[in-house]
Every structure is written in C-alpha cells, then in structure tokens.
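Shown next: final_25.cif, containing mmCIF, C-alpha atoms (C1' of nucleotides).
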data_final
#
loop_
_atom_site.label_atom_id
_atom_site.label_comp_id
_atom_site.auth_asym_id
_atom_site.auth_seq_id
_atom_site.Cartn_x
_atom_site.Cartn_y
_atom_site.Cartn_z
CA MET B 207 -69.98 -61.51 -91.98
CA LEU B 208 -66.25 -62.26 -92.01
CA THR B 209 -64.31 -65.48 -92.28
CA ILE B 210 -61.44 -65.92 -89.88
CA GLY B 211 -58.98 -64.90 -92.57
CA LYS B 212 -60.77 -61.62 -93.28
CA LEU B 213 -61.05 -60.93 -89.59
CA SER B 214 -57.35 -61.57 -89.29
CA GLN B 215 -56.60 -59.09 -92.07
CA ALA B 216 -58.97 -56.52 -90.65
CA THR B 217 -57.44 -56.60 -87.18
CA GLY B 218 -53.86 -57.63 -87.77
CA VAL B 219 -54.27 -60.59 -85.43
CA LYS B 220 -53.03 -63.85 -86.89
CA VAL B 221 -55.48 -66.63 -87.57
CA PRO B 222 -54.11 -69.13 -85.06
CA THR B 223 -54.07 -66.40 -82.46
CA ILE B 224 -57.75 -65.71 -83.03
CA ARG B 225 -58.52 -69.38 -82.52
CA TYR B 226 -56.35 -69.34 -79.44
CA TYR B 227 -58.28 -66.40 -78.02
CA GLU B 228 -61.48 -68.32 -78.59
CA GLN B 229 -60.02 -71.36 -76.89
CA ILE B 230 -59.11 -69.45 -73.75
CA GLY B 231 -62.48 -67.74 -73.68
CA LEU B 232 -61.35 -64.25 -74.58
CA LEU B 233 -63.48 -64.28 -77.73
CA PRO B 234 -66.90 -65.97 -77.75
CA SER B 235 -67.35 -68.93 -80.09
CA PRO B 236 -68.83 -67.48 -83.25
CA ASP B 237 -71.54 -69.01 -85.42
CA ARG B 238 -70.43 -71.43 -88.10
CA SER B 239 -71.28 -71.72 -91.77
CA ARG B 240 -72.83 -74.95 -93.12
CA GLY B 241 -69.28 -75.97 -93.90
CA ASN B 242 -68.28 -75.48 -90.24
CA GLN B 243 -66.26 -72.34 -90.81
CA ARG B 244 -66.30 -69.54 -88.28
CA LEU B 245 -68.25 -66.45 -89.26
CA TYR B 246 -67.68 -63.21 -87.39
CA ASP B 247 -69.92 -60.16 -87.11
CA LYS B 248 -69.08 -56.55 -86.34
CA ALA B 249 -69.25 -57.11 -82.57
CA ALA B 250 -66.52 -59.73 -82.86
CA LEU B 251 -64.45 -57.36 -84.99
CA ASP B 252 -64.75 -54.63 -82.37
CA ARG B 253 -63.92 -56.96 -79.56
CA LEU B 254 -60.86 -58.34 -81.29
CA SER B 255 -59.69 -54.83 -82.21
CA PHE B 256 -60.00 -53.89 -78.57
CA ILE B 257 -57.91 -56.91 -77.59
CA ARG B 258 -55.32 -56.19 -80.25
CA HIS B 259 -54.92 -52.59 -79.21
CA SER B 260 -54.68 -53.50 -75.56
CA ARG B 261 -52.01 -56.08 -76.33
CA ASP B 262 -50.11 -53.47 -78.30
CA LEU B 263 -50.19 -51.29 -75.23
CA GLY B 264 -48.72 -54.15 -73.25
CA PHE B 265 -51.71 -55.24 -71.19
CA PRO B 266 -51.56 -58.89 -70.18
CA LEU B 267 -54.46 -61.09 -71.24
CA ASP B 268 -55.88 -61.22 -67.74
CA ALA B 269 -56.10 -57.44 -67.57
CA ILE B 270 -57.76 -57.41 -70.97
CA ARG B 271 -60.28 -59.93 -69.75
CA GLU B 272 -61.14 -57.57 -66.91
CA LEU B 273 -61.33 -54.56 -69.20
CA LEU B 274 -63.63 -56.40 -71.57
CA GLY B 275 -65.87 -57.31 -68.66
CA LEU B 276 -66.05 -53.66 -67.68
CA ALA B 277 -66.72 -52.48 -71.19
CA ASP B 278 -69.70 -54.83 -71.38
CA ASP B 279 -71.36 -53.00 -68.49
CA PRO B 280 -71.78 -49.38 -69.59
CA GLY B 281 -73.62 -48.13 -66.50
CA ARG B 282 -70.82 -48.91 -64.11
CA SER B 283 -68.22 -46.52 -62.84
CA CYS B 284 -65.05 -46.69 -64.85
CA THR B 285 -62.82 -46.40 -61.80
CA ALA B 286 -61.80 -50.02 -62.16
CA ALA B 287 -60.74 -49.52 -65.77
CA ASP B 288 -58.79 -46.48 -64.75
CA GLU B 289 -57.11 -48.50 -62.03
CA ILE B 290 -56.03 -51.19 -64.45
CA ALA B 291 -54.63 -48.62 -66.85
CA ARG B 292 -52.78 -46.88 -64.06
CA ARG B 293 -51.23 -50.12 -62.92
CA GLN B 294 -50.12 -50.83 -66.46
CA LEU B 295 -48.62 -47.37 -66.69
CA GLU B 296 -46.66 -47.96 -63.51
CA GLN B 297 -45.33 -51.24 -64.82
CA VAL B 298 -44.27 -49.62 -68.05
CA ASN B 299 -42.49 -46.88 -66.14
CA ALA B 300 -40.71 -49.44 -63.98
CA ARG B 301 -39.57 -51.37 -67.02
CA ILE B 302 -38.31 -48.21 -68.67
CA ALA B 303 -36.28 -47.29 -65.61
CA ARG B 304 -34.77 -50.73 -65.42
CA LEU B 305 -33.94 -50.85 -69.11
CA MET B 306 -32.25 -47.47 -68.95
CA ALA B 307 -29.98 -48.76 -66.17
CA LEU B 308 -29.16 -51.77 -68.32
CA ARG B 309 -28.49 -49.56 -71.28
CA ASP B 310 -25.98 -47.54 -69.28
CA GLU B 311 -24.22 -50.65 -68.14
CA LEU B 312 -24.11 -52.18 -71.59
CA GLY B 313 -23.00 -48.91 -73.10
CA ARG B 314 -20.08 -48.57 -70.73
CA MET B 315 -19.14 -52.16 -71.31
CA VAL B 316 -19.11 -51.78 -75.08
CA ARG B 317 -17.29 -48.45 -75.06
CA GLN B 318 -14.45 -49.93 -73.05
CA CYS B 319 -13.90 -52.78 -75.46
CA SER B 320 -10.68 -52.25 -77.36
CA ASN B 321 -11.22 -55.27 -79.59
CA GLY B 322 -8.17 -57.00 -78.26
CA THR B 323 -8.08 -60.61 -77.18
CA VAL B 324 -10.57 -62.40 -74.98
CA ALA B 325 -8.03 -62.44 -72.17
CA ASP B 326 -8.47 -58.72 -71.58
CA CYS B 327 -11.94 -58.19 -72.94
CA ARG B 328 -13.88 -55.71 -70.85
CA VAL B 329 -17.19 -57.16 -71.94
CA LEU B 330 -16.40 -60.60 -70.64
CA GLU B 331 -14.69 -59.21 -67.59
CA VAL B 332 -17.66 -57.09 -66.61
CA LEU B 333 -20.07 -59.94 -67.20
CA GLY B 334 -18.02 -62.12 -64.93
CA ASN B 335 -17.88 -59.66 -62.11
CA HIS B 336 -20.73 -57.54 -60.95
CA ALA B 337 -18.32 -55.41 -58.92
CA PHE B 338 -17.40 -53.57 -62.12
CA CYS B 339 -20.92 -52.25 -62.45
CA ALA B 340 -21.97 -48.75 -61.57
CA HIS B 341 -25.44 -49.67 -60.36
CA ASP B 342 -27.45 -52.56 -59.18
CA HIS B 343 -29.61 -54.19 -61.77
CA ALA B 344 -31.18 -57.18 -60.13
CA GLY B 345 -34.59 -58.52 -61.00
CA ARG B 346 -36.04 -58.99 -64.43
CA ALA B 347 -36.97 -56.42 -67.03
CA MET G 868 -17.05 -77.27 -52.22
CA LEU G 869 -20.60 -76.01 -52.20
CA THR G 870 -23.91 -77.80 -52.14
CA ILE G 871 -26.54 -76.58 -54.53
CA GLY G 872 -28.23 -74.58 -51.77
CA LYS G 873 -25.03 -72.72 -50.91
CA LEU G 874 -24.33 -72.08 -54.54
CA SER G 875 -27.83 -70.72 -54.86
CA GLN G 876 -27.27 -68.34 -51.94
CA ALA G 877 -23.89 -67.29 -53.23
CA THR G 878 -25.15 -66.41 -56.70
CA GLY G 879 -28.79 -65.49 -56.15
CA VAL G 880 -29.88 -68.12 -58.66
CA LYS G 881 -32.68 -70.34 -57.38
CA VAL G 882 -32.01 -74.02 -56.85
CA PRO G 883 -34.41 -75.33 -59.51
CA THR G 884 -32.97 -72.83 -61.95
CA ILE G 885 -29.46 -74.17 -61.36
CA ARG G 886 -30.67 -77.69 -62.06
CA TYR G 887 -32.42 -76.37 -65.14
CA TYR G 888 -29.21 -74.77 -66.40
CA GLU G 889 -27.46 -78.08 -65.94
CA GLN G 890 -30.22 -79.86 -67.82
CA ILE G 891 -29.94 -77.60 -70.84
CA GLY G 892 -26.16 -77.86 -70.81
CA LEU G 893 -25.38 -74.33 -69.70
CA LEU G 894 -23.65 -75.60 -66.57
CA PRO G 895 -21.57 -78.80 -66.65
CA SER G 896 -22.79 -81.69 -64.51
CA PRO G 897 -20.85 -81.38 -61.26
CA ASP G 898 -19.37 -84.18 -59.20
CA ARG G 899 -21.64 -85.83 -56.65
CA SER G 900 -21.15 -86.74 -53.00
CA ARG G 901 -21.51 -90.38 -51.87
CA GLY G 902 -25.14 -89.48 -51.15
CA ASN G 903 -25.63 -88.34 -54.76
CA GLN G 904 -25.75 -84.65 -54.00
CA ARG G 905 -24.24 -82.11 -56.37
CA LEU G 906 -20.97 -80.51 -55.22
CA TYR G 907 -19.76 -77.34 -56.89
CA ASP G 908 -16.26 -75.86 -57.02
CA LYS G 909 -15.10 -72.28 -57.57
CA ALA G 910 -15.14 -72.67 -61.34
CA ALA G 911 -18.84 -73.52 -61.20
CA LEU G 912 -19.47 -70.55 -58.95
CA ASP G 913 -17.72 -68.23 -61.39
CA ARG G 914 -19.56 -69.65 -64.33
CA LEU G 915 -22.95 -69.36 -62.68
CA SER G 916 -22.19 -65.80 -61.56
CA PHE G 917 -21.35 -64.97 -65.14
CA ILE G 918 -24.66 -66.42 -66.27
CA ARG G 919 -26.58 -64.61 -63.58
CA HIS G 920 -25.05 -61.28 -64.38
CA SER G 921 -25.62 -61.75 -68.09
CA ARG G 922 -29.25 -62.64 -67.47
CA ASP G 923 -29.61 -59.53 -65.32
CA LEU G 924 -28.36 -57.55 -68.27
CA GLY G 925 -31.05 -59.13 -70.40
CA PHE G 926 -28.98 -61.50 -72.52
CA PRO G 927 -30.92 -64.52 -73.75
CA LEU G 928 -29.56 -67.93 -72.83
CA ASP G 929 -28.31 -68.58 -76.35
CA ALA G 930 -26.22 -65.44 -76.30
CA ILE G 931 -24.85 -66.43 -72.91
CA ARG G 932 -23.93 -69.81 -74.27
CA GLU G 933 -21.92 -68.06 -76.96
CA LEU G 934 -20.29 -65.68 -74.53
CA LEU G 935 -19.28 -68.57 -72.27
CA GLY G 936 -17.74 -70.31 -75.23
CA LEU G 937 -15.71 -67.21 -76.01
CA ALA G 938 -14.62 -66.72 -72.43
CA ASP G 939 -13.24 -70.27 -72.40
CA ASP G 940 -10.82 -69.36 -75.15
CA PRO G 941 -8.64 -66.49 -73.84
CA GLY G 942 -6.36 -66.17 -76.86
CA ARG G 943 -9.13 -65.31 -79.30
CA SER G 944 -10.16 -61.88 -80.44
CA CYS G 945 -13.00 -60.53 -78.41
CA THR G 946 -14.70 -58.97 -81.41
CA ALA G 947 -17.45 -61.57 -81.26
CA ALA G 948 -18.20 -60.80 -77.62
CA ASP G 949 -18.29 -57.14 -78.42
CA GLU G 950 -20.71 -57.84 -81.26
CA ILE G 951 -23.08 -59.76 -79.00
CA ALA G 952 -23.03 -56.98 -76.44
CA ARG G 953 -23.68 -54.37 -79.10
CA ARG G 954 -26.62 -56.30 -80.44
CA GLN G 955 -28.04 -56.57 -76.96
CA LEU G 956 -27.55 -52.84 -76.47
CA GLU G 957 -29.49 -52.16 -79.65
CA GLN G 958 -32.32 -54.36 -78.52
CA VAL G 959 -32.48 -52.63 -75.19
CA ASN G 960 -32.59 -49.26 -76.91
CA ALA G 961 -35.39 -50.42 -79.17
CA ARG G 962 -37.40 -51.67 -76.24
CA ILE G 963 -36.91 -48.42 -74.38
CA ALA G 964 -38.13 -46.40 -77.35
CA ARG G 965 -41.17 -48.57 -77.71
CA LEU G 966 -42.01 -48.49 -74.02
CA MET G 967 -41.75 -44.71 -73.95
CA ALA G 968 -44.30 -44.49 -76.75
CA LEU G 969 -46.59 -46.78 -74.79
CA ARG G 970 -46.09 -44.72 -71.69
CA ASP G 971 -47.17 -41.58 -73.51
CA GLU G 972 -50.28 -43.27 -74.80
CA LEU G 973 -51.18 -44.75 -71.45
CA GLY G 974 -50.50 -41.48 -69.71
CA ARG G 975 -52.80 -39.55 -71.97
CA MET G 976 -55.46 -42.18 -71.60
CA VAL G 977 -55.32 -42.10 -67.84
CA ARG G 978 -55.20 -38.31 -67.58
CA GLN G 979 -58.37 -38.02 -69.61
CA CYS G 980 -60.32 -40.32 -67.35
CA SER G 981 -62.86 -38.35 -65.38
CA ASN G 982 -63.93 -41.34 -63.33
CA GLY G 983 -67.42 -41.24 -64.70
CA THR G 984 -69.31 -44.24 -65.98
CA VAL G 985 -68.08 -46.90 -68.32
CA ALA G 986 -70.28 -45.46 -71.08
CA ASP G 987 -68.02 -42.45 -71.47
CA CYS G 988 -64.74 -43.84 -70.18
CA ARG G 989 -61.82 -42.53 -72.18
CA VAL G 990 -59.69 -45.50 -71.24
CA LEU G 991 -62.09 -48.01 -72.72
CA GLU G 992 -62.82 -45.76 -75.66
CA VAL G 993 -59.20 -45.39 -76.58
CA LEU G 994 -58.55 -49.10 -76.20
CA GLY G 995 -61.44 -49.79 -78.53
CA ASN G 996 -60.27 -47.43 -81.21
CA HIS G 997 -56.72 -47.00 -82.30
CA ALA G 998 -57.69 -43.82 -84.17
CA PHE G 999 -57.60 -41.96 -80.85
CA CYS G 1000 -53.90 -42.63 -80.52
CA ALA G 1001 -51.21 -40.08 -81.21
CA HIS G 1002 -48.69 -42.55 -82.56
CA ASP G 1003 -48.40 -45.97 -83.94
CA HIS G 1004 -47.37 -48.61 -81.51
CA ALA G 1005 -47.55 -51.87 -83.38
CA GLY G 1006 -45.31 -54.82 -82.73
CA ARG G 1007 -44.33 -56.21 -79.38
CA ALA G 1008 -42.25 -54.71 -76.62
"C1'" DC H 243 -68.40 -78.55 -114.50
"C1'" DC H 244 -63.96 -79.79 -113.03
"C1'" DT H 245 -59.65 -79.10 -111.09
"C1'" DA H 246 -56.06 -76.78 -108.46
"C1'" DA H 247 -54.84 -73.47 -105.17
"C1'" DT H 248 -56.12 -71.41 -101.17
"C1'" DT H 249 -58.30 -71.23 -96.95
"C1'" DG H 250 -60.34 -73.43 -93.30
"C1'" DC H 251 -60.77 -77.19 -89.64
"C1'" DT H 252 -58.95 -80.01 -85.35
"C1'" DC H 253 -55.39 -81.72 -82.62
"C1'" DT H 254 -50.94 -81.97 -80.78
"C1'" DA H 255 -46.48 -80.31 -79.72
"C1'" DG H 256 -43.08 -76.70 -79.19
"C1'" DC H 257 -40.83 -72.03 -77.97
"C1'" DA H 258 -38.29 -69.16 -73.66
"C1'" DG H 259 -37.10 -69.46 -69.13
"C1'" DC H 260 -38.25 -70.85 -65.67
"C1'" DT H 261 -41.60 -72.44 -61.35
"C1'" DA H 262 -44.29 -75.78 -58.83
"C1'" DT H 263 -45.64 -80.24 -57.25
"C1'" DA H 264 -45.16 -85.08 -55.68
"C1'" DG H 265 -42.84 -88.50 -53.48
"C1'" DC H 266 -38.77 -89.95 -52.19
"C1'" DT H 267 -33.60 -89.92 -49.82
"C1'" DT H 268 -29.88 -87.79 -47.32
"C1'" DC H 269 -27.85 -84.81 -44.13
"C1'" DA H 270 -27.02 -81.77 -39.91
"C1'" DA H 271 -28.45 -80.34 -35.35
"C1'" DG H 272 -30.00 -81.30 -30.84
"C1'" DC K 791 -31.91 -91.17 -32.46
"C1'" DT K 792 -35.00 -88.38 -34.17
"C1'" DT K 793 -36.74 -84.63 -36.54
"C1'" DG K 794 -36.66 -81.08 -39.84
"C1'" DA K 795 -34.32 -79.01 -43.56
"C1'" DA K 796 -32.27 -79.69 -47.79
"C1'" DG K 797 -31.42 -82.68 -51.57
"C1'" DC K 798 -32.93 -85.92 -55.39
"C1'" DT K 799 -35.85 -87.24 -59.84
"C1'" DA K 800 -39.60 -86.70 -62.76
"C1'" DT K 801 -43.46 -84.48 -64.49
"C1'" DA K 802 -46.53 -80.76 -65.33
"C1'" DG K 803 -47.61 -75.87 -65.62
"C1'" DC K 804 -46.95 -70.84 -66.58
"C1'" DT K 805 -47.64 -66.70 -70.68
"C1'" DG K 806 -48.83 -65.92 -75.24
"C1'" DC K 807 -48.51 -67.60 -78.83
"C1'" DT K 808 -46.46 -70.44 -83.24
"C1'" DA K 809 -45.81 -74.52 -86.11
"C1'" DG K 810 -46.97 -78.83 -87.97
"C1'" DA K 811 -49.83 -82.83 -89.55
"C1'" DG K 812 -53.59 -84.39 -91.94
"C1'" DC K 813 -57.78 -83.47 -93.39
"C1'" DA K 814 -62.46 -80.72 -95.46
"C1'" DA K 815 -64.36 -76.74 -97.69
"C1'" DT K 816 -64.28 -72.95 -100.64
"C1'" DT K 817 -63.02 -70.11 -104.67
"C1'" DA K 818 -60.79 -68.84 -109.19
"C1'" DG K 819 -59.59 -70.20 -113.60
"C1'" DG K 820 -60.08 -72.90 -117.71
#
Could you write out this structure as structure tokens?
Amino acid sequence: MLTIGKLSQATGVKVPTIRYYEQIGLLPSPDRSRGNQRLYDKAALDRLSFIRHSRDLGFPLDAIRELLGLADDPGRSCTAADEIARRQLEQVNARIARLMALRDELGRMVRQCSNGTVADCRVLEVLGNHAFCAHDHAGRA
Amino acid sequence: MLTIGKLSQATGVKVPTIRYYEQIGLLPSPDRSRGNQRLYDKAALDRLSFIRHSRDLGFPLDAIRELLGLADDPGRSCTAADEIARRQLEQVNARIARLMALRDELGRMVRQCSNGTVADCRVLEVLGNHAFCAHDHAGRA
DNA sequence: CCTAATTGCTCTAGCAGCTATAGCTTCAAG
DNA sequence: CTTGAAGCTATAGCTGCTAGAGCAATTAGG
C-alpha cells in the first residue's frame, strides 16, 4: 500500500495532479487510512502509470479515459484502441508538418537579421507583413 | 475607419479575440462612435496583423508584447528582437524533435496491432508499460 | 515520550489564450 | 419602420494542471 507521495515518486506524476485525476474521475477514489490519507494498491499504480505514459505520448485526457475503458474489458476487440492511437498519430504528424513550416520561416527571418537598428530589422518587418513569407502557416500548432 | 467586424475580417482574428487583446492591453483602446462602437484606424490594423502573424509563428503573447515595444522604437538596435526570434526558433526545434520521437513510438505501436482482442492488444500493452518503448519521451511537448 | 519537520488533507484561485453565453443596444437594408 | 445582423458588457467555461492558505497526521530524532 502506497501513500500519495510514494505513488507520486513511483510514477513521476505530481501529488496535486494525482488528486486532480481523482477529482475528474480518471482515477477511482482510493481507500483511506484511519487518519484519512489516501492509500493506493498495485492496481492504482498500474492505472496511473498507464495514464502517465499516455500523457507522455500526447494523448488528451478524454482519449485516455476511452483507452482505460477499453483496457478494462479484455474480451473486446481492440479496434477502437487502435483507432484512437491512429488518430493520435495523425495529429502528431500534422503538428510536426506545421512546426517544420514555422521553423523554416523563423530560420529565414533570423538569418536575414543583420543586427542593425529596429528601423530595418528583418524580423520585425517579416512579422508585420505576411507577404514576406514563403508559405502559408495559418491555424494553430 | 473599420468596425470590429471589418477588422476581424481583414486580419482573420475573431471578434472576441480582438476585444480580449484590448482587455489585456495588447491593443490600445480605440476611439468609439457616437453609438459606443469601436472604430479602428490603419495603425490598429497593422498592429493586429503583426500580432496575428506572430501568433501564427507560435510566439507567446508576452513575447509579442516585447516585440511590439521594440517595433515602436525604430532607432534602437534590433538585437533584442533577433534574440526573441532565436529563442522561439529553438523552442520550435525542441518541439519538433520531441514530436518525432512520439511519432516513432506511436507508429510502432500501431503497426504491431493485429486487431485482435483487448487482452493481447499491443497498443494497450505498450501504454501500460514504458519498458516496451524504444526511447525515453518524458516531459511535455 | 515529546517535539519538529515533513507529508498529507481540503478548498479556492490562477495560468495561457482564448471561446461561449446571456441579455442588451445600435446600425444598415429593404 | 421594421427586422435582422452586428455591436456592446459581463460572466463563465475550456484543457491540464499548479500554487497557495490553513489545517491534521505522520515520522525521525533526541
């Protein structure tokens, strides 16, 4: 049985974050000691590790909620889990593509800066006028 | 002179976002019509375009605030602007590197899925156990 | 056994950067 | 003159936490 602090150390998830996950129903409310402190068992450790790893891979909490639901039901087809992972992969790919376009733009901007005065600063000029850009880069990363 | 709606169309920044920028002091409060509606001039249009473009390039609002301050002072050296841009470029590069690692991990996960049952789903297995991963991928994207 | 430091508890508020809603006024077109 | 769009203010909500206040419980040292 682990206290919240030990669980935090074991998983790398901060204590307030663990409590937050409980609050939003991602982790079940654990048993308490006589002194009202949370006590976690191995199942909780596994579940939190799963959440942590999924977060590290960029899954949003809603997707993790779905994945946890699937994992609790071992007889089912895992097509749904595969789907969620595929969607996440697509999103990651899209973000990579977008960030590479930004990198190009920023790189060109910085390379053209001759460290003169603001009046003829390429950085500020480019920021002020999209027409100087090689590509489109609308939308958010 | 533009109403807020026209300014929104001209810049691609949504109306509530423009009001939000005014609220946090990123845009100056414009003059009003007799009917209390905001009226924007070309300077406001330029400033908002600058903000929009900087946001598109991923700059946080604080950095944009700094850049705007620099741009208002044409005689100064643009070293500071260059610095901000370089920092942003570094951040973008870091995010790209991290996302590519995630992509590899997700890709391997998905490729190994044989669409069987949840009990032997590679996706769920890998999520549950970091030891299956090729690399580290701690920290946030 | 007592004390001090650490850890735990609850509750509330704050962060970025918006977005949405409610309930009203003003404006432009027909 | 009327109707519908666009504007106004103010407040609350979104994701995923993080920080703080003000307590209670536990643990290590003396």
Exercise for the section: Could you tell me which residues the PyMOL selection byres ((chain K) within 10 of (chain B)) grabs in this file, written as a list in words? Expected result: DT805, DG806, DC807, DT808, DA809, DA814, DA815 and DT816 of chain K
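In terms of minimum interatomic distance to Ser900 in chain G, G:Met868 ranks closest within G:Ile918, G:Val882, G:Cys988, G:Met868, counting all atoms listed in the file.
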Handout entry: Expected answer as an NGL selection string: chain H residues within 8 Å of chain G, all atoms listed in the file
Key = :H and (260-261 or 268)
Selected residues, C-alpha atoms (C1' of nucleotides), written as a short mmCIF file (atom, residue, chain, number, x, y, z; two decimals), in the coordinates of the input, please.
data_model
loop_
_atom_site.label_atom_id
_atom_site.label_comp_id
_atom_site.auth_asym_id
_atom_site.auth_seq_id
_atom_site.Cartn_x
_atom_site.Cartn_y
_atom_site.Cartn_z
"C1'" DC H 260 -38.25 -70.85 -65.67
"C1'" DT H 261 -41.60 -72.44 -61.35
"C1'" DT H 268 -29.88 -87.79 -47.32
#
Practice task
Could you tell me which residues the PyMOL selection byres ((chain G and resi 917) around 12) grabs in this file, written as JSON, numbers by chain?
Solution key: {"B": [329, 330, 331, 332, 333, 334, 335, 336, 337], "G": [878, 879, 880, 893, 894, 910, 911, 912, 913, 914, 915, 916, 918, 919, 920, 921, 922, 923, 924, 926, 928, 931, 932, 934, 935, 936, 938]}
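When the PyMOL selection byres ((chain B and resi 310) around 12) is run on the displayed coordinates, the residues it returns are Ala303, Arg304, Leu305, Met306, Ala307, Leu308, Arg309, Glu311, Leu312, Gly313, Arg314, Met315, Val316, Arg317, Cys339, Ala340, His341, Asp342 and His343 of chain B; Leu924, Leu956, Glu957, Val959 and Asn960 of chain G.
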Handout entry: CA of Gly211 in chain B to C1' of DC251 in chain H, distance in Å rounded to a single decimal
Key = 12.8 Å
Problem - Who sits within 12 Å of DA264 in chain H, all atoms listed in the file, same chain under 2 positions skipped, as a list in words - result: DA262 and DC266 of chain H; DT799, DA800, DT801 and DA802 of chain K
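Between CA of Gln890 in chain G and CA of Leu869 in chain G there is a distance of 18.7 Å.
CA of Ser896 in chain G is found 29.7 Å from C1' of DA271 in chain H.
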Listed atoms of range 951-955 of chain G boxed along x, y and z, 3 Å each side, centre and edge lengths in Å, one decimal, as JSON:
{"center_x": -25.5, "center_y": -57.1, "center_z": -78.4, "size_x": 11.0, "size_y": 11.4, "size_z": 10.0}
Fill in the blank from the handout: For chain B, the closest of G:Arg954, G:Glu889, G:Pro941, G:Gln979 counting only C-alpha atoms is G:Pro941
Problem - From G:Gln958, G:Thr946, G:Ala930, G:Phe999, residue lying nearest chain B [only C-alpha atoms] - result: G:Thr946
Exercise for the section: In the coordinates of the file, take the point (-6.4, -62.4, -77.4) and a cut-off of 6 Å; then, counting all atoms listed in the file, name each qualifying protein, DNA or RNA residue as a PyMOL selection string. Expected result: (chain B and resi 322-325) or (chain G and resi 941-944)
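Each of G:Ile871, G:Ala877, G:Ala961, G:Leu937 was compared to chain B using all atoms listed in the file, and G:Leu937 turns out to be the nearest.
Counting all atoms listed in the file and comparing B:Ile230, B:Leu245, B:Cys284, B:Ile290, the residue that lies closest to chain G is B:Cys284.
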Exercise for the section: Rank nothing, just name the residue among G:Asp949, G:Asp908, G:Asp898, G:Asp929 nearest to chain B, using only C-alpha atoms. Expected result: G:Asp949
List the neighbours of DG819 in chain K out to 12 Å using all atoms listed in the file; skip same-chain residues closer than 3 positions along the sequence, and give me the result as an mmCIF file with C-alpha atoms (C1' of nucleotides), in the frame of the given file.
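Just written: part05.cif:
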data_model
loop_
_atom_site.group_PDB
_atom_site.id
_atom_site.type_symbol
_atom_site.label_atom_id
_atom_site.label_comp_id
_atom_site.auth_asym_id
_atom_site.auth_seq_id
_atom_site.Cartn_x
_atom_site.Cartn_y
_atom_site.Cartn_z
ATOM 1 C "C1'" DC H 244 -63.960 -79.790 -113.030
ATOM 2 C "C1'" DT H 245 -59.650 -79.100 -111.090
ATOM 3 C "C1'" DA H 246 -56.060 -76.780 -108.460
ATOM 4 C "C1'" DA H 247 -54.840 -73.470 -105.170
#
